[in-house]
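A.B. asks: Pasting a structure here, questions to come.
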Amino acid sequence: LKNWPYLRDLIDDRQDGVYHAKIFGKKKNTLQVIMLDTRYGRSDLKKNITQDPTEKETNPKPYLPDDDKSKRILSDKQWAWLEKELKKPAGFRVIASSIQLIANDHQFEKWGNFPQERQRFFELLKKLKIKNAIVISGDRHMASIAQKDLRGVGTLFDITSSGINKAVGPAKVLKDASYMVDPYGAVNFGLIRIDWSSHIAHVEIKSLENEKVQGLDIKF
């Protein structure tokens, strides 16, 4: 709240976390940006205490999926808030998550560490028939575009861009069955350009030299 003054008008002091949302534009050309807080109300991660210590350097597996139905990424209040936000009319929606939602093969922080919460997110989109949303995420020190088909909704995309100042390097990127192409392991940033006349969101992963290295056009 000190370093991002605009949040003072969006977040109540009594709120459990810094989740917030804002709608830009007018009439049908409206963009809704939803910023989730995936840390404040999150349950403890299930640590992998059985891994052989000699493997940690070459094949670290710090966390395991936790099937405990009581475990949470979002608090109950944030879940209720998210549903209320998704019910608001918007032409296009960008949902920001600090950790990947769709990619599930790697063993680091991700929604997949809490399978019940991950599925709850998908079910909420299906319940509200949200067909005009994408997810953006980070925390992986590389870039990727993941996809998942949701019945009754269509394809949901999770665009990961991370490593604007530090990347894992091409030799260490971890692939995932959900990625459309191999991830990009160099320093990168993401860009979304919305063409309201054709209702297309042009999503790009760009290199440090501003070259497009991955891209996707999403019709909404």
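Each chain of the structure tokens is named A, B, ... in the order shown, its residues numbered from 1; ligands are numbered from 1 in display order.
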Quick one: residues within 9 Å of Arg151 (chain A), only C-alpha atoms counted, chain neighbours fewer than 3 positions away excluded, as a ChimeraX atom specification?

C.D. replies: /A:126,154-155

A.B. asks: Output N, CA and C atoms for every residue in the selection just made, as a tab-separated table (two decimals), in the first residue's frame.

C.D. replies:
```
chain	number	residue	atom	x	y	z
A	126	LYS	N	-16.33	-22.69	-15.15
A	126	LYS	CA	-17.39	-23.42	-15.85
A	126	LYS	C	-18.77	-23.04	-15.34
A	154	GLY	N	-14.42	-23.81	-23.17
A	154	GLY	CA	-13.45	-23.72	-24.26
A	154	GLY	C	-12.04	-23.87	-23.71
A	155	THR	N	-11.08	-23.34	-24.41
A	155	THR	CA	-9.68	-23.46	-24.01
A	155	THR	C	-9.27	-22.29	-23.13
```

A.B. asks: With the cut-off set at 12 Å and counting only C-alpha atoms, tabulate each residue of region 94-146 of chain A with an atom at most that distance from an atom of region 9-25 of chain A, showing the nearest atom pair and its distance in Å to one decimal, ordered by chain and increasing number, as JSON lines.

C.D. replies:
```
{"residue": "A:Val94", "atom": "CA", "partner": "A:Ala21", "partner_atom": "CA", "distance": 9.8}
{"residue": "A:Ile95", "atom": "CA", "partner": "A:Ala21", "partner_atom": "CA", "distance": 9.1}
{"residue": "A:Ala96", "atom": "CA", "partner": "A:Tyr19", "partner_atom": "CA", "distance": 9.8}
{"residue": "A:Ser97", "atom": "CA", "partner": "A:Tyr19", "partner_atom": "CA", "distance": 10.0}
{"residue": "A:Ser98", "atom": "CA", "partner": "A:Tyr19", "partner_atom": "CA", "distance": 11.2}
```

A.B. asks: Kindly save the residues from that selection, with all heavy atoms included, as a PDB file, in the first residue's frame.

C.D. replies:
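Writing the result to selection_33.pdb gives the following:
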```pdb
ATOM      1  N   VAL A  94      -8.299 -10.477 -17.620  1.00  0.00           N
ATOM      2  CA  VAL A  94      -6.952 -10.975 -17.345  1.00  0.00           C
ATOM      3  C   VAL A  94      -6.875 -11.285 -15.860  1.00  0.00           C
ATOM      4  O   VAL A  94      -7.053 -10.397 -15.026  1.00  0.00           O
ATOM      5  CB  VAL A  94      -5.870  -9.951 -17.729  1.00  0.00           C
ATOM      6  CG1 VAL A  94      -4.498 -10.461 -17.322  1.00  0.00           C
ATOM      7  CG2 VAL A  94      -5.910  -9.660 -19.226  1.00  0.00           C
ATOM      8  N   ILE A  95      -6.644 -12.552 -15.533  1.00  0.00           N
ATOM      9  CA  ILE A  95      -6.554 -12.987 -14.145  1.00  0.00           C
ATOM     10  C   ILE A  95      -5.090 -13.245 -13.827  1.00  0.00           C
ATOM     11  O   ILE A  95      -4.461 -14.119 -14.434  1.00  0.00           O
ATOM     12  CB  ILE A  95      -7.392 -14.255 -13.904  1.00  0.00           C
ATOM     13  CG1 ILE A  95      -8.854 -14.028 -14.331  1.00  0.00           C
ATOM     14  CG2 ILE A  95      -7.318 -14.669 -12.437  1.00  0.00           C
ATOM     15  CD1 ILE A  95      -9.707 -15.290 -14.283  1.00  0.00           C
ATOM     16  N   ALA A  96      -4.548 -12.488 -12.901  1.00  0.00           N
ATOM     17  CA  ALA A  96      -3.126 -12.598 -12.559  1.00  0.00           C
ATOM     18  C   ALA A  96      -2.938 -13.481 -11.331  1.00  0.00           C
ATOM     19  O   ALA A  96      -3.523 -13.248 -10.281  1.00  0.00           O
ATOM     20  CB  ALA A  96      -2.531 -11.216 -12.309  1.00  0.00           C
ATOM     21  N   SER A  97      -2.121 -14.508 -11.491  1.00  0.00           N
ATOM     22  CA  SER A  97      -1.768 -15.412 -10.398  1.00  0.00           C
ATOM     23  C   SER A  97      -0.249 -15.435 -10.285  1.00  0.00           C
ATOM     24  O   SER A  97       0.449 -15.547 -11.292  1.00  0.00           O
ATOM     25  CB  SER A  97      -2.291 -16.827 -10.690  1.00  0.00           C
ATOM     26  OG  SER A  97      -1.735 -17.770  -9.796  1.00  0.00           O
ATOM     27  N   SER A  98       0.265 -15.352  -9.075  1.00  0.00           N
ATOM     28  CA  SER A  98       1.719 -15.341  -8.922  1.00  0.00           C
ATOM     29  C   SER A  98       2.345 -16.687  -9.276  1.00  0.00           C
ATOM     30  O   SER A  98       3.529 -16.752  -9.611  1.00  0.00           O
ATOM     31  CB  SER A  98       2.095 -14.961  -7.491  1.00  0.00           C
ATOM     32  OG  SER A  98       1.581 -15.902  -6.572  1.00  0.00           O
TER      33      SER A  98
END
```

A.B. asks: Using only C-alpha atoms, which residue out of A:Val168, A:Ile136, A:Leu156, A:Ile99 lies closest to Ile34 (chain A)?

C.D. replies: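 Smallest distance to Ile34 (chain A) is found for A:Ile136.
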
A.B. asks: Taking only C-alpha atoms into account, name the residue in A:Trp111, A:Phe122, A:Tyr63, A:Trp4 that is nearest to Lys46 (chain A).

C.D. replies: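 Among A:Trp111, A:Phe122, A:Tyr63, A:Trp4, it is A:Tyr63 that comes nearest to Lys46 (chain A).
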
A.B. asks: With only C-alpha atoms as the atoms that count, which of A:Glu117, A:Thr50, A:Ala103, A:Tyr40 lies nearest to Lys69 (chain A)?

C.D. replies: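 Once distances to Lys69 (chain A) are computed over only C-alpha atoms, the minimum belongs to A:Glu117.
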
A.B. asks: If we count only C-alpha atoms and set the cut-off at 6 Å, which residues sit around region 186-190 of chain A, ignoring sequence neighbours fewer than 3 positions away in its own chain? Please answer as a VMD selection string.

C.D. replies: chain A and resid 161 163 to 164 167 169 204 to 208
